[in-house]
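Asker: A single structure is presented below for examination.
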Amino acid sequence: MSSNIGSEASAAYQKYLDASSIDEKIKRLEEFISLVPKHKATEKIVALNKSRLAKLRREQEAEKIRIKTTGKKVSPFSIKKEGIQLILISDYHSPGVGKTSLLNLLTGAAKDKIGKFTPIPEIGIYEHKKVRYQIVDMPSIMEGASSGIGNGREIISQLRACDLICFCVDLSRDYREQIDKLLDELKKSHVRINVPHPPITIEKTGSNKIQVFYLTNEARELNDVEDLTEKIKEITHAGGVRNGIVKVFGKIELDHVVDALNPSVVYKKAIILGTKGDLELTKNTFDELEKSYSNLFPLVIGTSVKMRKIPGDFGKIVLTYLHKMKVYTMNKGIVAEKPLLIDSTPNKPTIRDVAIKIHRSFYESFDHAIVIRKDARQEKKKVGLEYELEENDIIELHTK
Ligand SMILES: Nc1nc2c(ncn2[C@@H]2O[C@H](COP(=O)(O)OP(=O)(O)OP(=O)(O)O)[C@@H](O)[C@H]2O)c(=O)[nH]1
Ligand SMILES: [Mg+2]
């Protein structure tokens with residue numbers, strides 16, 4: 001990756017990034033540190049990674065103590081994320097909606113568990129164009145899940161951390177009832193679905209007042225800013241924040257202020273997977289569902305496990321929906337096997353995003369990058385930090 005670090009160390013670093021357990025991360029990071037040539041230019045990288053290693057070792061120790069004292073391994077509901085995590089949920093019904101069947105169709109996992117109630121999460125890995133997706137088949141969500149019924153708290157806490165929630169809806173049943181039940185439990189748990197993060201943040205400070213700043217033109221041009229500022233201050237005060245800084249980045253509503261004060265509010269992306277599309281009359285249900293929920297769910301996909309029907313490029317559809325773009329890093333002419341995923345909103349990603357994503361030290365000591373764009377037959381172009389990237393670009397970073 002970098003001319004200072006050397007190819008072996010860069011390869012070890014990539015393995016560290018890919019590692020999924022603490023033990024493996026520690027092993028890979030030790031390997032990386034031992035391979036980095038030690039001189040002035042690499043001092044900072046070595047120090048940074050040594051402190052990272054110390055943190056990982058503390059986590060490993062804490063985990064050992066936890067197992068020793070509680071006698072328990074990690075709960076089956078605490079799932080270690082790997083790749084892009086999709087969680088399948090549905091309302092409780094017997095026979096089930098078809099989540100385990102979908103998991104099996106995509107990943108081959110849990111074949112013997114189809115048709116039986118799934119009491120703990122089942123997990124499988126689906127790979128598409130070298131991108132790994134962790135599919136989690138959750139136990140169905142019961143009424144009252146938000147107050148803990150049927151492991152509701154454990155399930156919802158996983159949903160808070162995932163990349164995409166997949167509402168699985170049996171097309172041969174009343175779809176409205178299924179979707180609304182799920183939405184209701186999520187709403188009660190402060191999980192907001194398919195709405196962007198409102199453009200406001202509130203930080204507690206040591207200062208003796210609440211200050212409100214409007215940081216973009218859009219925010220500064222809001223109607224009656226003085227009145228709005230007073231209202232924001234009142235709500236913030238009532239929410240228990242006496243000293244703080246409120247930053248407004250765009251158009252906001254007063255509900256957004258309330259949400260920003262509540263640390264349990266999360267904003268998640270979700271899609272609908274209609275199931276059992278082979279059964280009679282489900283075509284009509286699918287069309288109706290798609291139409292009536294189009295405001296809330298821009299993506300509804302019809303499936304039938306019985307007919308092995310799910311889009312062949314399901315992975316690509318998910319990546320596009322999550323606004324993620326795939327690029328490849330290169331080191332001394334060798335292209336990494338696994339792609340790197342970078343966010344492609346609100347603007348097109350640049351070399352800067354890639355450098356920061358790999359490691360801040362690459363950004364700080366950045367000199368130039370080489371970009372190969374095979375689709376446009378672009379051979380080795382030398383570029384700077386602001387260069388905008390396209391899907392499948394191959395990028396080699398060079399540091400000073
Ligand atoms: N006709 C038809 N039946 C299906 C399809 N997918 C699943 N089923 C059937 O629906 C039943 C339930 O499927 P599961 O995959 O176990 O459902 P689940 O959502 O995992 O159920 P729980 O774990 O109980 O929440 C099984 O008998 C499946 O064979 C499908 O595409 N078409
Ligand atoms: Mg199941």
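Letters A, B, ... mark the chains of the structure tokens in the order given; residue numbers begin at 1 per chain; ligand numbers begin at 1, in order shown.
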Using only C-alpha atoms and all ligand atoms, determine which residues fall within 6 Å of ligand 2, then list them as a list in words.

Answerer: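 Residues satisfying the distance criterion: Lys99, Thr100, Ile114, Phe117 and Thr118 of chain A.
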
Asker: Go through the chains and note each residue within 9 Å of ligand 1, using only C-alpha atoms and all ligand atoms, then give the set as a ChimeraX atom specification.

Answerer: /A:88-104,113-120,137-141,168,170,275-279,303-309

Asker: Selected residues, C-alpha atoms, written as a JSON list (two decimals), in the first residue's frame, please.

Answerer:
[["chain", "number", "residue", "atom", "x", "y", "z"],
["A", 88, "LEU", "CA", -34.22, -11.09, 8.57],
["A", 89, "ILE", "CA", -37.21, -10.35, 10.79],
["A", 90, "SER", "CA", -40.90, -11.21, 10.68],
["A", 91, "ASP", "CA", -43.92, -11.24, 12.93],
["A", 92, "TYR", "CA", -44.63, -14.41, 14.91],
["A", 93, "HIS", "CA", -46.82, -16.86, 13.02],
["A", 94, "SER", "CA", -47.11, -20.58, 12.55],
["A", 95, "PRO", "CA", -46.11, -21.88, 10.08],
["A", 96, "GLY", "CA", -43.39, -19.27, 9.72],
["A", 97, "VAL", "CA", -43.00, -16.60, 7.09],
["A", 98, "GLY", "CA", -40.01, -18.32, 5.48],
["A", 99, "LYS", "CA", -36.95, -16.61, 7.00],
["A", 100, "THR", "CA", -34.95, -19.78, 7.62],
["A", 101, "SER", "CA", -35.86, -20.93, 4.10],
["A", 102, "LEU", "CA", -34.48, -17.66, 2.69],
["A", 103, "LEU", "CA", -31.33, -17.95, 4.79],
["A", 104, "ASN", "CA", -30.82, -21.43, 3.41],
["A", 113, "LYS", "CA", -34.16, -26.00, 10.72],
["A", 114, "ILE", "CA", -36.65, -25.08, 8.02],
["A", 115, "GLY", "CA", -40.26, -25.60, 9.07],
["A", 116, "LYS", "CA", -39.37, -25.54, 12.78],
["A", 117, "PHE", "CA", -39.65, -22.50, 15.04],
["A", 118, "THR", "CA", -36.27, -20.72, 15.18],
["A", 119, "PRO", "CA", -35.57, -19.92, 18.88],
["A", 120, "ILE", "CA", -32.07, -18.41, 18.51],
["A", 137, "ASP", "CA", -32.19, -15.24, 10.58],
["A", 138, "MET", "CA", -33.72, -13.85, 13.78],
["A", 139, "PRO", "CA", -36.44, -15.50, 15.84],
["A", 140, "SER", "CA", -39.72, -13.89, 14.90],
["A", 141, "ILE", "CA", -40.74, -10.72, 16.70],
["A", 168, "CYS", "CA", -39.89, -10.71, 5.66],
["A", 170, "ASP", "CA", -45.64, -13.73, 3.88],
["A", 275, "THR", "CA", -42.07, -14.57, 0.64],
["A", 276, "LYS", "CA", -43.93, -17.57, -0.83],
["A", 277, "GLY", "CA", -44.46, -15.80, -4.17],
["A", 278, "ASP", "CA", -45.33, -19.17, -5.75],
["A", 279, "LEU", "CA", -48.63, -19.45, -3.87],
["A", 303, "THR", "CA", -39.15, -14.20, -3.55],
["A", 304, "SER", "CA", -40.16, -17.82, -3.62],
["A", 305, "VAL", "CA", -37.89, -20.35, -1.99],
["A", 306, "LYS", "CA", -40.00, -23.14, -3.39],
["A", 307, "MET", "CA", -39.16, -21.96, -6.92],
["A", 308, "ARG", "CA", -35.65, -20.87, -5.85],
["A", 309, "LYS", "CA", -36.53, -17.34, -6.89]]

Asker: DSSP on the backbone, then: every residue of segment 204-394 of chain A marked strand (DSSP E or B), written as a ChimeraX atom specification.

Answerer: /A:204,210-214,244-248,266-268,270-275,300-302,304,309,324-331,334-335,340-343,350,366-373,378-383,388,394

Asker: With C-alpha atoms retained, export the selected residues as a short mmCIF file (atom, residue, chain, number, x, y, z; two decimals), in the first residue's frame.

Answerer:
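Below is the file again14.cif, written as the result:
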data_model
loop_
_atom_site.label_atom_id
_atom_site.label_comp_id
_atom_site.auth_asym_id
_atom_site.auth_seq_id
_atom_site.Cartn_x
_atom_site.Cartn_y
_atom_site.Cartn_z
CA LYS A 204 -23.13 18.35 26.40
CA ILE A 210 -27.10 26.17 25.64
CA GLN A 211 -25.72 27.56 22.39
CA VAL A 212 -27.33 26.95 19.01
CA PHE A 213 -25.30 27.21 15.80
CA TYR A 214 -26.65 27.10 12.25
CA GLY A 244 -24.53 22.19 25.57
CA ILE A 245 -23.88 22.97 21.95
CA VAL A 246 -26.63 22.36 19.41
CA LYS A 247 -25.47 22.22 15.79
CA VAL A 248 -28.05 22.52 13.02
CA VAL A 266 -31.21 4.97 15.78
CA TYR A 267 -31.85 5.39 12.06
CA LYS A 268 -31.82 2.18 10.05
CA ALA A 270 -34.84 -1.48 5.70
CA ILE A 271 -36.32 -3.39 2.75
CA ILE A 272 -39.22 -5.80 2.37
CA LEU A 273 -38.72 -9.36 1.17
CA GLY A 274 -42.08 -10.79 0.12
CA THR A 275 -42.07 -14.57 0.64
CA VAL A 300 -39.63 -4.43 -2.08
CA ILE A 301 -38.35 -7.74 -3.50
CA GLY A 302 -40.55 -10.73 -4.28
CA SER A 304 -40.16 -17.82 -3.62
CA LYS A 309 -36.53 -17.34 -6.89
CA LYS A 324 -21.92 1.65 -1.01
CA MET A 325 -19.36 1.45 -3.79
CA LYS A 326 -16.79 -1.25 -4.42
CA VAL A 327 -13.16 -0.41 -5.23
CA TYR A 328 -9.93 -2.42 -5.09
CA THR A 329 -6.63 -1.51 -3.49
CA MET A 330 -3.34 -2.40 -5.13
CA ASN A 331 0.12 -2.81 -3.74
CA ILE A 334 -0.83 -6.70 -7.06
CA VAL A 335 -4.55 -6.07 -6.72
CA LEU A 340 -13.05 -2.24 -0.28
CA LEU A 341 -16.51 -0.75 0.28
CA ILE A 342 -16.84 3.00 0.56
CA ASP A 343 -19.86 5.22 1.09
CA THR A 350 -12.67 10.33 -3.50
CA PHE A 366 -0.33 10.97 1.49
CA ASP A 367 1.76 11.87 -1.54
CA HIS A 368 -0.19 10.66 -4.57
CA ALA A 369 -2.30 7.76 -5.80
CA ILE A 370 -2.39 5.69 -8.96
CA VAL A 371 -5.83 4.83 -10.30
CA ILE A 372 -6.56 2.21 -12.94
CA ARG A 373 -10.05 2.30 -14.43
CA GLN A 378 -7.70 4.08 -18.13
CA GLU A 379 -4.17 2.93 -17.45
CA LYS A 380 -2.29 4.09 -14.34
CA LYS A 381 -3.33 7.69 -13.82
CA LYS A 382 -1.49 9.68 -11.14
CA VAL A 383 -4.02 11.59 -9.01
CA GLU A 388 -13.47 11.17 -7.70
CA ILE A 394 -8.10 0.01 -8.67
#

Asker: Set the distance at 8 Å and use only C-alpha atoms: which residues neighbour Gly83 of chain A once local chain neighbours fewer than 4 positions away are removed? I'd like the list as a list in words.

Answerer: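 Contacts, in chain order: Val131, Arg132, Tyr133 and Gln134 of chain A.
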
Asker: Given only C-alpha atoms as the basis, pick out the residue of A:Ala54, A:Ile202, A:Ala11, A:Ile156 nearest to Asn243 of chain A.

Answerer: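 Selected residue with least distance to Asn243 of chain A: A:Ile202.
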
Asker: Env of Lys27 of chain A: 12 Å cut, atoms = only C-alpha atoms, seq-sep filter 2 positions within chain, self excluded. Answer as a PyMOL selection string.

Answerer: chain A and resi 12-13+15-17+19-25+29-34+53+56-57+60
